[in-house]
Amino acid sequence: MEPHISPTIEYGVYYPQDAQCQPMLAAAQMIRAVKQRGGKFIQGENVIAINSKNGQVTGLTTNKNAYASPIVLNATGTWAGDIAKLAGSYLPIAPRRGFILVTVPAPELIFHKVYDADYVANIASGEADLQSSAVVEGTASGTILIGASRERVGFKSEFEIPILRQLARQAISVFPILKEVQLLRAYRGFRPYAPDHLPVIGEDGNISGLWHAAGHEGAGIVLAPATAELITAEILGKTPFMDPTPFSPKRFMNQDPSAGVHVAS
Ligand SMILES: Cc1cc2nc3c(=O)[nH]c(=O)nc-3n(C[C@H](O)[C@H](O)[C@H](O)COP(=O)(O)OP(=O)(O)OC[C@H]3O[C@@H](n4cnc5c(N)ncnc54)[C@H](O)[C@@H]3O)c2cc1C
C-alpha cells in the first residue's frame, strides 16, 4: 500500500472510505453552482455592521453597500466571532495556526493520507502551545503535502523556520525517502477553533435571524456538505438529518469573558 513507509512502523489502520478534495476547485465549483441557480456572488466587500431591530436581524452593511434581509448567515470561519460581536452577540472562535509544506511533484511515492497517531491527540488538545505530528499526503497533482502543526498564537503571520523543520523531520521519520524530495513552498493558515472542538451551527442565542455556520477547526472542508444540509434544514424549519443541539451557538450564551468566564484567547 505504501512501499516507502519506514520499516520501523509495524502497525497501521486503513480507512477505505478516505477521500480527497482540492478546496480551491471545490469553492470555484460552488460559486458556479450558485450562479447557475440564479444566485448572486458578491466579492470584495467587508461586512462592517449587522443591522437589527428589537432583537431581530434586518440586514447588514458592508464598506460599499447595505443589504436588507430578515436572515443573515455568518460563515466567516475564523472571523465569525467578530461578526457576532458586530451584532452585539458573542462566539469564542479563535485562530489555530497551522503550517503545511508542499513538495515538488513526486508521483508514485505516497499513495494515501498517512498520519501519526499523535495527530488525533493534537486535534483534540485544548493546549495553546505548539503541537505537531506527521501528516503526509500524496495529491492528484503529484505534490506531497506535509503537516501538521497547531498552535494558538492569534493571527501571528510570520513563517517560523523551526516549525517547518520539525514538520520535515517528522515526515522523514515516517517516509525516509522524503529526504530526497525537494520542497516547493510552504503555507500557513488559521483554523477556526472553538474551545469545545465542536463547530457552531445554528441560530444565535441573542439575535433572531442571525445564523452561524463556523468554527470547524481543521475539518471545515470535509464537514461543509453536512453543515450546509443541517443549517438549511434549520433555517427552513425542516427536520434536520441529525440532532443539531450539540452545535448550537446558544451553548456560549452567558460565557462572554467580560462576564468573568475564561474562554480561548
Ligand atoms: C494548515 C491547515 C490545514 C487544514 N487541513 C484541512 C483538511 O485536511 N481538511 C479539512 O476539512 N479542513 C482543513 N483545514 C480547515 C479548513 O481550512 C477550515 O475549517 C475551513 O476553511 C473553514 O471554512 P469556512 O468557510 O468556515 O471559513 P473560511 O474558509 O475561512 O472563509 C471565511 C470567509 O469569510 C471572509 N470574511 C471574514 N470576515 C469578513 C467580513 N467582515 N466581511 C466579509 N467577509 C469576511 C473571509 O475573507 C473568508 O473568505 C485546514 C486548515 C489549515 C489552516
# chains A, B, ... in the order shown; residues from 1 in each chain; ligands from 1
call {"tool": "residues_around", "arguments": {"residues": "A:Glu203", "least_positions_apart": "4", "cutoff": "12 Å", "atoms": "only C-alpha atoms", "output": "PyMOL selection string"}}
result
chain A and resi 56-57+71-74+84+89+91+207-214+230-237+244-245+247-253
call {"tool": "closest_atom_pairs", "arguments": {"of": "chain A", "to": "ligand 1", "cutoff": "7 Å", "atoms": "only C-alpha atoms and all ligand atoms", "output": "CSV"}}
result
residue,atom,partner,partner_atom_place_in_ligand_line,distance
A:Glu45,CA,ligand 1,43 (C),5.9
A:Asn46,CA,ligand 1,42 (N),3.7
A:Val47,CA,ligand 1,42 (N),3.8
A:Ile48,CA,ligand 1,41 (N),6.0
A:Ala75,CA,ligand 1,26 (O),5.3
A:Thr76,CA,ligand 1,34 (O),3.5
A:Gly77,CA,ligand 1,27 (O),3.3
A:Thr78,CA,ligand 1,30 (O),5.7
A:Trp79,CA,ligand 1,37 (C),5.0
A:Ala80,CA,ligand 1,38 (N),6.9
A:Ile83,CA,ligand 1,41 (N),6.3
A:Arg97,CA,ligand 1,53 (C),6.0
A:Gly98,CA,ligand 1,1 (C),4.1
A:Phe99,CA,ligand 1,1 (C),5.0
A:Ile100,CA,ligand 1,1 (C),5.5
A:Ala148,CA,ligand 1,1 (C),6.7
A:Arg188,CA,ligand 1,1 (C),5.6
A:Gly189,CA,ligand 1,53 (C),3.5
A:Phe190,CA,ligand 1,53 (C),4.5
A:Arg191,CA,ligand 1,53 (C),4.6
A:Pro192,CA,ligand 1,19 (O),6.1
A:Ala213,CA,ligand 1,26 (O),6.7
A:Ala214,CA,ligand 1,26 (O),4.6
A:Gly215,CA,ligand 1,26 (O),6.3
A:His216,CA,ligand 1,19 (O),4.7
A:Glu217,CA,ligand 1,19 (O),4.6
A:Gly218,CA,ligand 1,15 (C),3.7
A:Ala219,CA,ligand 1,11 (O),3.2
A:Gly220,CA,ligand 1,19 (O),3.0
A:Ile221,CA,ligand 1,11 (O),3.4
A:Val222,CA,ligand 1,11 (O),3.9
A:Leu223,CA,ligand 1,11 (O),6.2
call {"tool": "write_last_selection", "arguments": {"atoms": "C-alpha atoms", "output": "mmCIF file, in the first residue's frame"}}
result
data_model
loop_
_atom_site.group_PDB
_atom_site.id
_atom_site.type_symbol
_atom_site.label_atom_id
_atom_site.label_comp_id
_atom_site.auth_asym_id
_atom_site.auth_seq_id
_atom_site.Cartn_x
_atom_site.Cartn_y
_atom_site.Cartn_z
ATOM 1 C CA GLU A 45 -17.000 43.853 0.292
ATOM 2 C CA ASN A 46 -16.325 43.812 4.002
ATOM 3 C CA VAL A 47 -19.206 43.412 6.429
ATOM 4 C CA ILE A 48 -18.935 46.280 8.889
ATOM 5 C CA ALA A 75 -19.989 31.723 7.658
ATOM 6 C CA THR A 76 -16.821 33.741 8.203
ATOM 7 C CA GLY A 77 -14.721 30.928 9.681
ATOM 8 C CA THR A 78 -12.007 32.212 11.996
ATOM 9 C CA TRP A 79 -13.566 35.698 11.940
ATOM 10 C CA ALA A 80 -17.065 34.544 12.941
ATOM 11 C CA ILE A 83 -19.300 39.223 13.084
ATOM 12 C CA ARG A 97 -2.370 28.459 13.268
ATOM 13 C CA GLY A 98 -1.059 25.660 11.071
ATOM 14 C CA PHE A 99 1.823 25.307 8.604
ATOM 15 C CA ILE A 100 1.979 22.965 5.602
ATOM 16 C CA ALA A 148 0.559 19.371 10.611
ATOM 17 C CA ARG A 188 0.110 28.753 6.771
ATOM 18 C CA GLY A 189 -3.488 29.288 7.708
ATOM 19 C CA PHE A 190 -5.667 29.921 10.735
ATOM 20 C CA ARG A 191 -8.166 27.225 11.597
ATOM 21 C CA PRO A 192 -11.382 28.455 13.251
ATOM 22 C CA ALA A 213 -22.038 28.076 10.434
ATOM 23 C CA ALA A 214 -18.417 28.370 11.530
ATOM 24 C CA GLY A 215 -15.761 27.105 13.923
ATOM 25 C CA HIS A 216 -14.946 23.833 12.150
ATOM 26 C CA GLU A 217 -11.236 23.976 13.077
ATOM 27 C CA GLY A 218 -9.254 21.572 10.882
ATOM 28 C CA ALA A 219 -12.274 19.883 9.301
ATOM 29 C CA GLY A 220 -14.189 22.703 7.634
ATOM 30 C CA ILE A 221 -13.775 21.319 4.132
ATOM 31 C CA VAL A 222 -14.864 17.787 4.929
ATOM 32 C CA LEU A 223 -17.746 19.000 7.112
#
call {"tool": "select_by_dssp", "arguments": {"residues": "stretch 143-247 of chain A", "states": "alpha helix (DSSP H)", "output": "list in words"}}
result
Ile161, Pro162, Ile163, Leu164, Arg165, Gln166, Leu167, Ala168, Arg169, Gln170, Ala171, Ile172, Ser173, Val174, Ala224, Pro225, Ala226, Thr227, Ala228, Glu229, Leu230, Ile231, Thr232, Ala233, Glu234, Ile235 and Leu236 of chain A
call {"tool": "closest_residue", "arguments": {"among": "A:Ala224, A:Ile93, A:Leu101, A:Ile42", "to": "A:Asn65", "atoms": "only C-alpha atoms"}}
result
A:Ile42
call {"tool": "atom_distance", "arguments": {"atom1": "atom CA of A:Ala27", "atom2": "atom CA of A:Asn122"}}
result
27.3 Å
call {"tool": "residues_around", "arguments": {"residues": "A:Pro3", "least_positions_apart": "6", "cutoff": "10 Å", "atoms": "only C-alpha atoms", "output": "MDAnalysis selection string"}}
result
chainID A and resid 108:111 175
call {"tool": "write_last_selection", "arguments": {"atoms": "all heavy atoms", "output": "mmCIF file, in the first residue's frame"}}
result
data_model
loop_
_atom_site.group_PDB
_atom_site.id
_atom_site.type_symbol
_atom_site.label_atom_id
_atom_site.label_comp_id
_atom_site.auth_asym_id
_atom_site.auth_seq_id
_atom_site.Cartn_x
_atom_site.Cartn_y
_atom_site.Cartn_z
ATOM 1 N N GLU A 108 3.915 8.678 -7.427
ATOM 2 C CA GLU A 108 4.357 7.295 -7.201
ATOM 3 C C GLU A 108 5.175 7.141 -5.921
ATOM 4 O O GLU A 108 5.919 6.194 -5.780
ATOM 5 C CB GLU A 108 5.195 6.756 -8.389
ATOM 6 C CG GLU A 108 4.588 6.984 -9.762
ATOM 7 C CD GLU A 108 3.314 6.182 -9.970
ATOM 8 O OE1 GLU A 108 3.320 4.988 -9.683
ATOM 9 O OE2 GLU A 108 2.314 6.789 -10.386
ATOM 10 N N LEU A 109 5.088 8.100 -5.003
ATOM 11 C CA LEU A 109 5.817 7.931 -3.739
ATOM 12 C C LEU A 109 4.867 7.668 -2.576
ATOM 13 O O LEU A 109 5.046 6.744 -1.804
ATOM 14 C CB LEU A 109 6.653 9.179 -3.417
ATOM 15 C CG LEU A 109 7.968 9.367 -4.150
ATOM 16 C CD1 LEU A 109 8.750 10.518 -3.526
ATOM 17 C CD2 LEU A 109 8.806 8.097 -4.103
ATOM 18 N N ILE A 110 3.831 8.537 -2.448
ATOM 19 C CA ILE A 110 2.895 8.421 -1.320
ATOM 20 C C ILE A 110 1.496 8.261 -1.917
ATOM 21 O O ILE A 110 1.082 9.078 -2.741
ATOM 22 C CB ILE A 110 2.911 9.698 -0.443
ATOM 23 C CG1 ILE A 110 4.339 10.192 -0.173
ATOM 24 C CG2 ILE A 110 2.108 9.494 0.842
ATOM 25 C CD1 ILE A 110 5.134 9.477 0.842
ATOM 26 N N PHE A 111 0.771 7.269 -1.472
ATOM 27 C CA PHE A 111 -0.493 6.937 -2.143
ATOM 28 C C PHE A 111 -1.739 7.246 -1.309
ATOM 29 O O PHE A 111 -2.846 7.137 -1.795
ATOM 30 C CB PHE A 111 -0.481 5.462 -2.546
ATOM 31 C CG PHE A 111 0.622 5.166 -3.531
ATOM 32 C CD1 PHE A 111 1.881 4.783 -3.091
ATOM 33 C CD2 PHE A 111 0.415 5.332 -4.888
ATOM 34 C CE1 PHE A 111 2.913 4.542 -3.993
ATOM 35 C CE2 PHE A 111 1.434 5.097 -5.799
ATOM 36 C CZ PHE A 111 2.691 4.705 -5.354
ATOM 37 N N PHE A 175 8.446 8.537 6.302
ATOM 38 C CA PHE A 175 8.825 8.191 4.923
ATOM 39 C C PHE A 175 10.260 8.669 4.685
ATOM 40 O O PHE A 175 10.470 9.794 4.199
ATOM 41 C CB PHE A 175 7.885 8.873 3.916
ATOM 42 C CG PHE A 175 6.515 8.281 3.853
ATOM 43 C CD1 PHE A 175 5.451 8.900 4.487
ATOM 44 C CD2 PHE A 175 6.275 7.096 3.164
ATOM 45 C CE1 PHE A 175 4.175 8.358 4.440
ATOM 46 C CE2 PHE A 175 5.000 6.545 3.110
ATOM 47 C CZ PHE A 175 3.948 7.176 3.753
#
call {"tool": "select_by_dssp", "arguments": {"residues": "stretch 72-240 of chain A", "states": "strand (DSSP E or B)", "output": "PyMOL selection string"}}
result
chain A and resi 72-74+94-103+113-115+131-138+144-151+153+155+183-193+200-203+208+210-214
call {"tool": "atom_distance", "arguments": {"atom1": "atom CA of A:Val136", "atom2": "atom CA of A:Lys113"}}
result
5.8 Å
